[in-house]
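Source file: work.cif; contents: mmCIF, C-alpha atoms.
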```cif
data_upload
#
loop_
_atom_site.label_atom_id
_atom_site.label_comp_id
_atom_site.auth_asym_id
_atom_site.auth_seq_id
_atom_site.Cartn_x
_atom_site.Cartn_y
_atom_site.Cartn_z
CA MET S 157 0.08 -5.39 14.84
CA GLY S 158 -3.51 -4.88 13.90
CA ALA S 159 -6.50 -4.50 16.13
CA GLN S 160 -6.81 -6.73 19.16
CA ALA S 161 -9.40 -9.43 18.52
CA HIS S 162 -11.78 -10.34 21.31
CA ASP S 163 -13.60 -12.99 19.41
CA PRO S 164 -13.11 -16.39 21.05
CA ALA S 165 -13.43 -18.27 17.77
CA ASP S 166 -10.91 -21.01 17.22
CA ARG S 167 -8.12 -19.30 15.31
CA LEU S 168 -6.24 -22.58 14.95
CA SER S 169 -8.72 -24.06 12.52
CA VAL S 170 -8.16 -23.68 8.81
CA PRO S 171 -10.25 -20.74 7.57
CA ALA S 172 -13.00 -21.51 5.11
CA SER S 173 -12.44 -20.26 1.60
CA LEU S 174 -14.58 -17.30 0.63
CA THR S 175 -15.70 -19.13 -2.50
CA ASP S 176 -16.94 -22.09 -0.45
CA LEU S 177 -19.39 -20.02 1.56
CA ALA S 178 -23.03 -19.92 0.57
CA PRO S 179 -24.55 -16.59 -0.44
CA GLY S 180 -26.21 -15.11 2.62
CA HIS S 181 -23.63 -16.63 4.95
CA GLU S 182 -23.38 -14.55 8.09
CA PHE S 183 -20.10 -14.45 9.95
CA ALA S 184 -20.23 -14.73 13.72
CA PRO S 185 -20.37 -11.23 15.21
CA ALA S 186 -16.94 -10.25 16.45
CA THR S 187 -15.56 -7.39 18.45
CA PHE S 188 -12.13 -5.85 18.31
CA THR S 189 -10.47 -2.93 20.00
CA ILE S 190 -8.63 -0.34 17.95
CA THR S 191 -5.78 0.56 20.22
CA SER S 192 -3.84 3.80 19.91
CA GLU S 193 -0.90 1.69 18.75
CA ALA S 194 -2.98 0.04 16.01
CA ALA S 195 -4.30 3.42 14.83
CA SER S 196 -0.80 4.87 14.86
CA ALA S 197 0.57 1.92 12.89
CA TYR S 198 -2.19 2.39 10.32
CA ARG S 199 -1.50 6.11 9.99
CA GLN S 200 2.21 5.47 9.63
CA ALA S 201 1.68 2.81 6.98
CA THR S 202 -0.71 4.91 4.92
CA GLY S 203 1.02 8.26 5.43
CA ALA S 204 -2.14 9.72 6.92
CA GLY S 205 -1.93 12.93 8.84
CA GLY S 206 -2.13 13.16 12.60
CA PRO S 207 -5.38 12.15 14.24
CA LEU S 208 -8.31 14.52 14.29
CA VAL S 209 -9.37 15.23 17.83
CA ILE S 210 -13.14 15.00 18.09
CA ASP S 211 -14.93 15.70 21.35
CA GLY S 212 -11.61 15.51 23.15
CA ALA S 213 -10.51 12.15 21.79
CA PRO S 214 -8.19 11.31 18.87
CA ALA S 215 -10.22 9.67 16.12
CA VAL S 216 -9.24 6.60 14.15
CA PRO S 217 -9.00 7.24 10.38
CA PRO S 218 -12.40 6.09 9.13
CA LEU S 219 -10.96 3.82 6.47
CA ALA S 220 -8.84 2.17 9.16
CA VAL S 221 -11.98 0.95 10.88
CA ALA S 222 -13.06 -0.85 7.70
CA ALA S 223 -9.55 -2.08 6.91
CA LEU S 224 -9.02 -3.52 10.38
CA ALA S 225 -12.39 -5.23 10.23
CA LEU S 226 -11.42 -6.74 6.89
CA GLY S 227 -8.17 -7.95 8.40
CA ALA S 228 -10.08 -9.52 11.28
CA LEU S 229 -12.46 -11.15 8.83
CA LEU S 230 -9.54 -12.66 6.93
CA ARG S 231 -8.70 -14.67 10.03
CA ASP S 232 -11.99 -16.52 9.53
CA VAL S 233 -12.11 -16.79 5.77
CA SER S 234 -9.32 -17.27 3.29
CA LEU S 235 -9.14 -15.73 -0.14
CA PRO S 236 -8.20 -18.08 -2.98
CA PRO S 237 -4.83 -17.26 -4.58
CA GLY S 238 -5.24 -14.69 -7.32
CA SER S 239 -8.21 -12.96 -5.69
CA LEU S 240 -8.63 -9.29 -6.56
CA HIS S 241 -10.37 -6.49 -4.72
CA ALA S 242 -12.54 -5.11 -7.50
CA ALA S 243 -14.68 -2.43 -5.86
CA GLU S 244 -15.45 -0.87 -2.51
CA SER S 245 -18.27 1.26 -1.17
CA LEU S 246 -18.01 2.86 2.24
CA GLU S 247 -20.19 5.07 4.37
CA PHE S 248 -18.87 6.80 7.45
CA HIS S 249 -21.54 7.64 10.00
CA ALA S 250 -19.65 8.48 13.16
CA ALA S 251 -16.08 9.03 14.27
CA VAL S 252 -14.51 6.17 16.21
CA PRO S 253 -12.09 7.20 18.96
CA GLU S 254 -8.80 5.43 19.53
CA GLY S 255 -9.19 2.73 22.15
CA ALA S 256 -12.77 2.04 21.11
CA THR S 257 -14.19 -1.44 20.86
CA VAL S 258 -15.98 -2.03 17.59
CA GLU S 259 -18.54 -4.71 16.86
CA CYS S 260 -18.35 -6.22 13.40
CA ARG S 261 -21.29 -7.86 11.66
CA ALA S 262 -20.52 -9.22 8.22
CA LYS S 263 -22.17 -11.39 5.65
CA LEU S 264 -21.60 -12.69 2.16
CA ALA S 265 -24.35 -10.73 0.47
CA GLN S 266 -23.89 -12.04 -3.05
CA ARG S 267 -21.90 -14.59 -4.98
CA SER S 268 -21.97 -15.22 -8.69
CA VAL S 269 -19.77 -16.70 -11.38
CA ARG S 270 -18.87 -14.64 -14.41
CA ALA S 271 -16.35 -15.36 -17.14
CA GLY S 272 -14.22 -17.66 -15.03
CA TRP S 273 -14.37 -15.52 -11.91
CA VAL S 274 -16.28 -15.97 -8.67
CA VAL S 275 -17.60 -12.56 -7.70
CA SER S 276 -18.26 -12.20 -3.97
CA VAL S 277 -19.83 -9.21 -2.26
CA LEU S 278 -19.06 -8.84 1.44
CA VAL S 279 -21.19 -6.43 3.43
CA THR S 280 -19.88 -5.29 6.78
CA ASP S 281 -21.48 -3.07 9.40
CA LEU S 282 -19.32 -1.74 12.20
CA PHE S 283 -20.85 -0.47 15.39
CA HIS S 284 -19.40 1.67 18.16
CA GLU S 285 -21.36 1.87 21.39
CA GLY S 286 -24.36 0.35 19.65
CA ALA S 287 -24.49 2.90 16.85
CA LEU S 288 -23.52 2.25 13.25
CA ALA S 289 -20.17 3.94 12.63
CA VAL S 290 -19.02 2.54 9.29
CA SER S 291 -20.66 0.40 6.66
CA ALA S 292 -18.71 -1.23 3.86
CA ARG S 293 -19.42 -3.26 0.76
CA ALA S 294 -16.45 -5.01 -0.81
CA THR S 295 -16.51 -6.79 -4.15
CA VAL S 296 -13.87 -9.49 -4.48
CA MET S 297 -13.14 -11.50 -7.63
CA SER S 298 -11.54 -14.93 -7.29
CA PRO S 299 -10.47 -17.32 -10.04
CA ALA S 300 -13.17 -19.97 -10.50
CA GLY S 301 -12.08 -23.51 -9.75
CA GLU S 302 -9.47 -22.53 -7.13
CA MET Z 264 -17.53 23.86 -3.98
CA PRO Z 265 -14.36 23.73 -1.91
CA GLU Z 266 -11.21 22.70 -3.74
CA VAL Z 267 -9.55 19.53 -2.48
CA ALA Z 268 -5.76 19.51 -2.47
CA PRO Z 269 -4.22 16.43 -4.09
CA ILE Z 270 -1.89 14.07 -2.27
CA GLN Z 271 1.13 12.38 -3.84
CA VAL Z 272 2.70 9.25 -2.37
CA GLN Z 273 5.57 7.08 -3.53
CA VAL Z 274 4.60 3.49 -2.83
CA THR Z 275 7.34 1.29 -1.43
CA GLN Z 276 7.51 -2.38 -0.50
CA ALA Z 277 8.31 -1.30 3.05
CA GLN Z 278 5.07 0.67 3.11
CA ILE Z 279 3.13 -2.32 1.75
CA ASP Z 280 4.71 -4.56 4.39
CA ALA Z 281 3.86 -2.02 7.10
CA TYR Z 282 0.27 -1.88 5.85
CA ALA Z 283 0.01 -5.69 5.89
CA ALA Z 284 1.17 -5.69 9.51
CA ALA Z 285 -1.15 -2.83 10.47
CA SER Z 286 -4.24 -4.18 8.72
CA GLY Z 287 -3.76 -7.91 9.17
CA ASP Z 288 -4.07 -8.50 5.41
CA HIS Z 289 -1.07 -10.69 4.63
CA ASN Z 290 -2.18 -11.88 1.19
CA LEU Z 291 1.01 -13.15 -0.46
CA VAL Z 292 0.48 -11.13 -3.61
CA HIS Z 293 1.30 -8.08 -1.49
CA VAL Z 294 4.18 -9.29 0.61
CA ASP Z 295 5.89 -12.24 -1.10
CA GLU Z 296 7.75 -11.23 -4.25
CA ALA Z 297 8.60 -14.83 -5.20
CA PHE Z 298 4.95 -15.84 -5.00
CA ALA Z 299 3.70 -12.68 -6.66
CA ARG Z 300 5.97 -13.27 -9.64
CA THR Z 301 4.05 -16.51 -10.33
CA THR Z 302 0.73 -14.65 -10.53
CA PRO Z 303 -0.70 -12.61 -13.41
CA MET Z 304 0.41 -9.52 -11.43
CA GLY Z 305 4.04 -10.40 -12.11
CA GLY Z 306 5.21 -8.99 -8.80
CA THR Z 307 3.95 -7.57 -5.56
CA ILE Z 308 1.22 -4.97 -5.59
CA ALA Z 309 -0.12 -2.59 -2.98
CA HIS Z 310 -3.32 -3.45 -1.15
CA GLY Z 311 -6.29 -1.74 -2.77
CA MET Z 312 -7.31 -0.46 0.66
CA LEU Z 313 -3.85 1.09 1.11
CA VAL Z 314 -4.19 3.09 -2.08
CA LEU Z 315 -7.78 3.96 -1.20
CA ALA Z 316 -6.47 5.33 2.09
CA PHE Z 317 -4.73 8.09 0.11
CA ILE Z 318 -8.16 9.27 -1.11
CA SER Z 319 -9.71 9.07 2.34
CA ASP Z 320 -6.76 10.97 3.83
CA MET Z 321 -7.11 13.64 1.13
CA MET Z 322 -10.79 14.06 1.99
CA THR Z 323 -10.04 14.08 5.72
CA ARG Z 324 -7.54 16.90 5.23
CA ALA Z 325 -10.12 18.85 3.22
CA PHE Z 326 -13.26 18.28 5.28
CA GLY Z 327 -12.11 17.10 8.72
CA ARG Z 328 -14.87 15.97 11.03
CA ALA Z 329 -17.52 16.12 8.30
CA TRP Z 330 -15.66 13.39 6.38
CA LEU Z 331 -15.50 11.13 9.42
CA GLU Z 332 -19.20 11.60 10.13
CA SER Z 333 -20.77 11.76 6.68
CA GLY Z 334 -18.22 10.66 4.08
CA ARG Z 335 -19.13 8.19 1.40
CA LEU Z 336 -16.85 6.49 -1.12
CA ASP Z 337 -17.82 4.41 -4.13
CA VAL Z 338 -14.79 3.25 -6.08
CA ARG Z 339 -13.48 0.62 -8.42
CA PHE Z 340 -9.95 -0.70 -8.39
CA ARG Z 341 -8.80 -0.37 -12.00
CA ALA Z 342 -5.12 -1.27 -11.94
CA PRO Z 343 -2.53 -2.31 -9.38
CA ALA Z 344 -0.13 0.10 -7.71
CA ARG Z 345 3.35 -1.37 -7.51
CA PRO Z 346 6.39 -0.67 -5.37
CA GLY Z 347 8.17 2.31 -6.89
CA ASP Z 348 5.00 3.86 -8.29
CA THR Z 349 4.21 7.46 -7.49
CA VAL Z 350 0.48 7.65 -6.85
CA THR Z 351 -1.45 10.90 -6.94
CA ALA Z 352 -4.86 11.10 -5.28
CA ARG Z 353 -7.02 13.93 -6.58
CA ALA Z 354 -10.61 15.13 -6.57
CA ALA Z 355 -12.67 17.19 -8.99
CA PRO Z 356 -15.99 18.81 -8.06
CA ALA Z 357 -18.97 16.94 -9.52
CA GLY Z 358 -21.86 18.90 -8.06
CA GLY Z 359 -23.82 19.24 -4.90
CA SER Z 360 -27.38 19.04 -3.71
CA GLY Z 361 -29.29 18.66 -0.50
CA GLY Z 362 -26.33 19.78 1.56
CA LEU Z 363 -24.07 17.11 0.07
CA LEU Z 364 -20.97 17.73 -2.03
CA THR Z 365 -19.89 15.17 -4.59
CA TYR Z 366 -16.42 14.82 -6.10
CA ARG Z 367 -15.01 12.58 -8.76
CA VAL Z 368 -11.98 11.01 -7.16
CA GLU Z 369 -9.13 9.00 -8.56
CA CYS Z 370 -5.65 7.74 -7.94
CA VAL Z 371 -3.30 7.75 -10.91
CA ASN Z 372 0.24 6.50 -11.21
CA GLN Z 373 3.24 8.32 -12.68
CA ALA Z 374 2.25 7.17 -16.17
CA GLY Z 375 -1.22 8.64 -15.80
CA GLU Z 376 -2.81 5.21 -15.54
CA VAL Z 377 -5.92 5.16 -13.37
CA VAL Z 378 -5.44 2.93 -10.34
CA ILE Z 379 -8.72 3.77 -8.58
CA ASN Z 380 -11.64 5.92 -9.63
CA GLY Z 381 -15.10 6.69 -8.34
CA THR Z 382 -16.96 9.26 -6.32
CA ALA Z 383 -16.72 10.76 -2.86
CA THR Z 384 -19.61 12.52 -1.14
CA VAL Z 385 -19.51 14.56 2.01
CA ARG Z 386 -21.88 16.75 3.97
CA GLU Z 387 -21.40 20.44 3.35
CA ALA Z 388 -19.89 22.28 6.30
CA GLU Z 389 -22.57 24.11 8.29
CA ASP Z 390 -20.52 27.23 9.04
#
```

What would you get if you wrote out this structure as structure tokens?
Amino acid sequence: MGAQAHDPADRLSVPASLTDLAPGHEFAPATFTITSEAASAYRQATGAGGPLVIDGAPAVPPLAVAALALGALLRDVSLPPGSLHAAESLEFHAAVPEGATVECRAKLAQRSVRAGWVVSVLVTDLFHEGALAVSARATVMSPAGE
Amino acid sequence: MPEVAPIQVQVTQAQIDAYAAASGDHNLVHVDEAFARTTPMGGTIAHGMLVLAFISDMMTRAFGRAWLESGRLDVRFRAPARPGDTVTARAAPAGGSGGLLTYRVECVNQAGEVVINGTATVREAED
């Protein structure tokens, strides 16, 4: 299983499609806890080495923080069939220890239509104990008209 | 600049399924072969973030804490990685300035096709 969501949003509702959201749309801030089990499952799935121990605590792989946030985001927004992850930019600012609760703030920074594709840019900032730990910028292409 | 040892991984459907469960990304193009066959992909493909993890793991092994605290990745996903593919993540020095080291990074499949390429930047170790 992935990270444990704390967000009380109604998970039973049908998620909005990414291509239906207006540029500038801000997702409700959400928090999730990256348990040791979730970090271990991520490392096992990706073949990553054992956790680095930083300041006495095993650290979550930095890309896992972004990936788990993306997974959490996908509970609130659906991707049209045929969507492709075109590009990704990531900045790691601080190690996140296993068991940490991370706050996720995300918005649809840009959306445009090019050559039959809707190009969406999702910007996500992830905070641990109030400090920015990871920032991510994902470019997703979805077939127009889906 | 420090050399970065490459990583080689054989992608399997079991690994893709495990990644879907771990990440919460259950997009059918990754986990449902029958659906994926109806798409332009022609079959299941690995999550881009799964393949990108090979690059991040490579940089973590090379730079440790510095990668977790100062790493930066800018990449484009060029081609899908499919079950059965052998993916090699590798890095080539691209210069350094201001205490930062930059590498050209890429993942290629067994045919030499580029799956991901871009740059990785990390703070130079202080000691």

Cut-off 8 Å: closest chain S/chain Z atom pairs per residue, using all atoms listed in the file, as JSON lines:
```
{"residue": "S:Met157", "atom": "CA", "partner": "Z:Ala285", "partner_atom": "CA", "distance": 5.2}
{"residue": "S:Gly158", "atom": "CA", "partner": "Z:Ala285", "partner_atom": "CA", "distance": 4.6}
{"residue": "S:Ala159", "atom": "CA", "partner": "Z:Ser286", "partner_atom": "CA", "distance": 7.8}
{"residue": "S:Ala194", "atom": "CA", "partner": "Z:Ala285", "partner_atom": "CA", "distance": 6.5}
{"residue": "S:Ala197", "atom": "CA", "partner": "Z:Ala285", "partner_atom": "CA", "distance": 5.6}
{"residue": "S:Tyr198", "atom": "CA", "partner": "Z:Ala285", "partner_atom": "CA", "distance": 5.3}
{"residue": "S:Ala201", "atom": "CA", "partner": "Z:Tyr282", "partner_atom": "CA", "distance": 5.0}
{"residue": "S:Thr202", "atom": "CA", "partner": "Z:Leu313", "partner_atom": "CA", "distance": 6.2}
{"residue": "S:Gly203", "atom": "CA", "partner": "Z:Phe317", "partner_atom": "CA", "distance": 7.8}
{"residue": "S:Ala204", "atom": "CA", "partner": "Z:Asp320", "partner_atom": "CA", "distance": 5.7}
{"residue": "S:Gly205", "atom": "CA", "partner": "Z:Asp320", "partner_atom": "CA", "distance": 7.2}
{"residue": "S:Leu208", "atom": "CA", "partner": "Z:Gly327", "partner_atom": "CA", "distance": 7.2}
{"residue": "S:Ile210", "atom": "CA", "partner": "Z:Arg328", "partner_atom": "CA", "distance": 7.3}
{"residue": "S:Pro217", "atom": "CA", "partner": "Z:Leu331", "partner_atom": "CA", "distance": 7.6}
{"residue": "S:Pro218", "atom": "CA", "partner": "Z:Leu331", "partner_atom": "CA", "distance": 5.9}
{"residue": "S:Leu219", "atom": "CA", "partner": "Z:Ala316", "partner_atom": "CA", "distance": 6.5}
{"residue": "S:Ala220", "atom": "CA", "partner": "Z:Ser286", "partner_atom": "CA", "distance": 7.9}
{"residue": "S:Ala223", "atom": "CA", "partner": "Z:Ser286", "partner_atom": "CA", "distance": 6.0}
{"residue": "S:Leu224", "atom": "CA", "partner": "Z:Ser286", "partner_atom": "CA", "distance": 5.1}
{"residue": "S:Leu226", "atom": "CA", "partner": "Z:Asp288", "partner_atom": "CA", "distance": 7.7}
{"residue": "S:Gly227", "atom": "CA", "partner": "Z:Gly287", "partner_atom": "CA", "distance": 4.5}
{"residue": "S:Ala228", "atom": "CA", "partner": "Z:Gly287", "partner_atom": "CA", "distance": 6.9}
{"residue": "S:Leu230", "atom": "CA", "partner": "Z:Asp288", "partner_atom": "CA", "distance": 7.0}
{"residue": "S:Gly238", "atom": "CA", "partner": "Z:Thr302", "partner_atom": "CA", "distance": 6.8}
{"residue": "S:His241", "atom": "CA", "partner": "Z:Gly311", "partner_atom": "CA", "distance": 6.6}
{"residue": "S:Ala242", "atom": "CA", "partner": "Z:Phe340", "partner_atom": "CA", "distance": 5.2}
{"residue": "S:Ala243", "atom": "CA", "partner": "Z:Arg339", "partner_atom": "CA", "distance": 4.2}
{"residue": "S:Glu244", "atom": "CA", "partner": "Z:Val338", "partner_atom": "CA", "distance": 5.5}
{"residue": "S:Ser245", "atom": "CA", "partner": "Z:Asp337", "partner_atom": "CA", "distance": 4.3}
{"residue": "S:Leu246", "atom": "CA", "partner": "Z:Leu336", "partner_atom": "CA", "distance": 5.1}
{"residue": "S:Glu247", "atom": "CA", "partner": "Z:Arg335", "partner_atom": "CA", "distance": 4.4}
{"residue": "S:Phe248", "atom": "CA", "partner": "Z:Gly334", "partner_atom": "CA", "distance": 5.2}
{"residue": "S:His249", "atom": "CA", "partner": "Z:Glu332", "partner_atom": "CA", "distance": 4.6}
{"residue": "S:Ala250", "atom": "CA", "partner": "Z:Glu332", "partner_atom": "CA", "distance": 4.4}
{"residue": "S:Ala251", "atom": "CA", "partner": "Z:Leu331", "partner_atom": "CA", "distance": 5.3}
```

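What separates atom CA of Val233 of chain S from atom CA of Glu254 of chain S is a distance of 26.3 Å.
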
* Asked: Ser192 of chain S: which residues within 9 Å, counting all atoms listed in the file, same-chain residues fewer than 6 positions away excluded, as a list of chain:residue names?
  -> S:Pro214, S:Val216, S:Pro253, S:Glu254, S:Gly255

* **Neighbours of point (-10.1, -19.2, -11.8) within 6 Å, using only C-alpha atoms, written as a ChimeraX atom specification** => /S:272-273,299-302

* Go through S:Ser196, S:Ser173, S:Thr191, S:Thr257 and flag the residue nearest Ser298 of chain S, using all atoms listed in the file for the distances. =>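 Nearest to Ser298 of chain S: S:Ser173.
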
* Can you tell me how far atom CA of Gln200 of chain S sits from atom CA of Cys370 of chain Z, in Å to one decimal? ->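 Rounded to one decimal, the two atoms are 19.4 Å apart.
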
Restore N, CA and C atoms in segment 294-320 of chain Z and list the result as a tab-separated table (two decimals), keeping the file's coordinate frame.
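File written: selection_35.tsv
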```tsv
chain	number	residue	atom	x	y	z
Z	294	VAL	N	2.99	-9.27	-0.25
Z	294	VAL	CA	4.18	-9.29	0.61
Z	294	VAL	C	5.24	-10.31	0.22
Z	295	ASP	N	4.93	-11.19	-0.75
Z	295	ASP	CA	5.89	-12.24	-1.10
Z	295	ASP	C	6.23	-12.11	-2.59
Z	296	GLU	N	7.38	-11.52	-2.86
Z	296	GLU	CA	7.75	-11.23	-4.25
Z	296	GLU	C	7.86	-12.52	-5.07
Z	297	ALA	N	8.43	-13.57	-4.45
Z	297	ALA	CA	8.60	-14.83	-5.20
Z	297	ALA	C	7.25	-15.39	-5.60
Z	298	PHE	N	6.29	-15.36	-4.67
Z	298	PHE	CA	4.95	-15.84	-5.00
Z	298	PHE	C	4.29	-14.92	-6.02
Z	299	ALA	N	4.40	-13.64	-5.79
Z	299	ALA	CA	3.70	-12.68	-6.66
Z	299	ALA	C	4.18	-12.76	-8.11
Z	300	ARG	N	5.45	-13.15	-8.28
Z	300	ARG	CA	5.97	-13.27	-9.64
Z	300	ARG	C	5.29	-14.40	-10.40
Z	301	THR	N	4.71	-15.37	-9.67
Z	301	THR	CA	4.05	-16.51	-10.33
Z	301	THR	C	2.60	-16.19	-10.68
Z	302	THR	N	2.12	-15.03	-10.28
Z	302	THR	CA	0.73	-14.65	-10.53
Z	302	THR	C	0.65	-13.75	-11.76
Z	303	PRO	N	-0.56	-13.54	-12.26
Z	303	PRO	CA	-0.70	-12.61	-13.41
Z	303	PRO	C	-0.21	-11.20	-13.08
Z	304	MET	N	-0.07	-10.86	-11.80
Z	304	MET	CA	0.41	-9.52	-11.43
Z	304	MET	C	1.90	-9.36	-11.75
Z	305	GLY	N	2.63	-10.46	-11.75
Z	305	GLY	CA	4.04	-10.40	-12.11
Z	305	GLY	C	4.95	-9.84	-11.05
Z	306	GLY	N	4.42	-9.54	-9.91
Z	306	GLY	CA	5.21	-8.99	-8.80
Z	306	GLY	C	4.26	-8.46	-7.75
Z	307	THR	N	4.82	-8.03	-6.64
Z	307	THR	CA	3.95	-7.57	-5.56
Z	307	THR	C	3.21	-6.30	-5.96
Z	308	ILE	N	2.05	-6.15	-5.37
Z	308	ILE	CA	1.22	-4.97	-5.59
Z	308	ILE	C	0.73	-4.45	-4.25
Z	309	ALA	N	0.41	-3.18	-4.22
Z	309	ALA	CA	-0.12	-2.59	-2.98
Z	309	ALA	C	-1.55	-3.07	-2.75
Z	310	HIS	N	-1.93	-3.16	-1.49
Z	310	HIS	CA	-3.32	-3.45	-1.15
Z	310	HIS	C	-4.22	-2.35	-1.74
Z	311	GLY	N	-5.35	-2.75	-2.28
Z	311	GLY	CA	-6.29	-1.74	-2.77
Z	311	GLY	C	-6.70	-0.78	-1.66
Z	312	MET	N	-6.88	-1.32	-0.45
Z	312	MET	CA	-7.31	-0.46	0.66
Z	312	MET	C	-6.20	0.50	1.10
Z	313	LEU	N	-4.95	0.15	0.82
Z	313	LEU	CA	-3.85	1.09	1.11
Z	313	LEU	C	-3.94	2.28	0.16
Z	314	VAL	N	-4.12	2.00	-1.11
Z	314	VAL	CA	-4.19	3.09	-2.08
Z	314	VAL	C	-5.46	3.92	-1.84
Z	315	LEU	N	-6.54	3.23	-1.49
Z	315	LEU	CA	-7.78	3.96	-1.20
Z	315	LEU	C	-7.61	4.88	0.01
Z	316	ALA	N	-6.72	4.50	0.91
Z	316	ALA	CA	-6.47	5.33	2.09
Z	316	ALA	C	-5.94	6.71	1.69
Z	317	PHE	N	-5.24	6.78	0.55
Z	317	PHE	CA	-4.73	8.09	0.11
Z	317	PHE	C	-5.92	9.03	-0.20
Z	318	ILE	N	-6.97	8.46	-0.80
Z	318	ILE	CA	-8.16	9.27	-1.11
Z	318	ILE	C	-8.86	9.68	0.18
Z	319	SER	N	-9.02	8.74	1.09
Z	319	SER	CA	-9.71	9.07	2.34
Z	319	SER	C	-8.91	10.11	3.13
Z	320	ASP	N	-7.59	9.98	3.12
Z	320	ASP	CA	-6.76	10.97	3.83
Z	320	ASP	C	-6.90	12.35	3.18
```
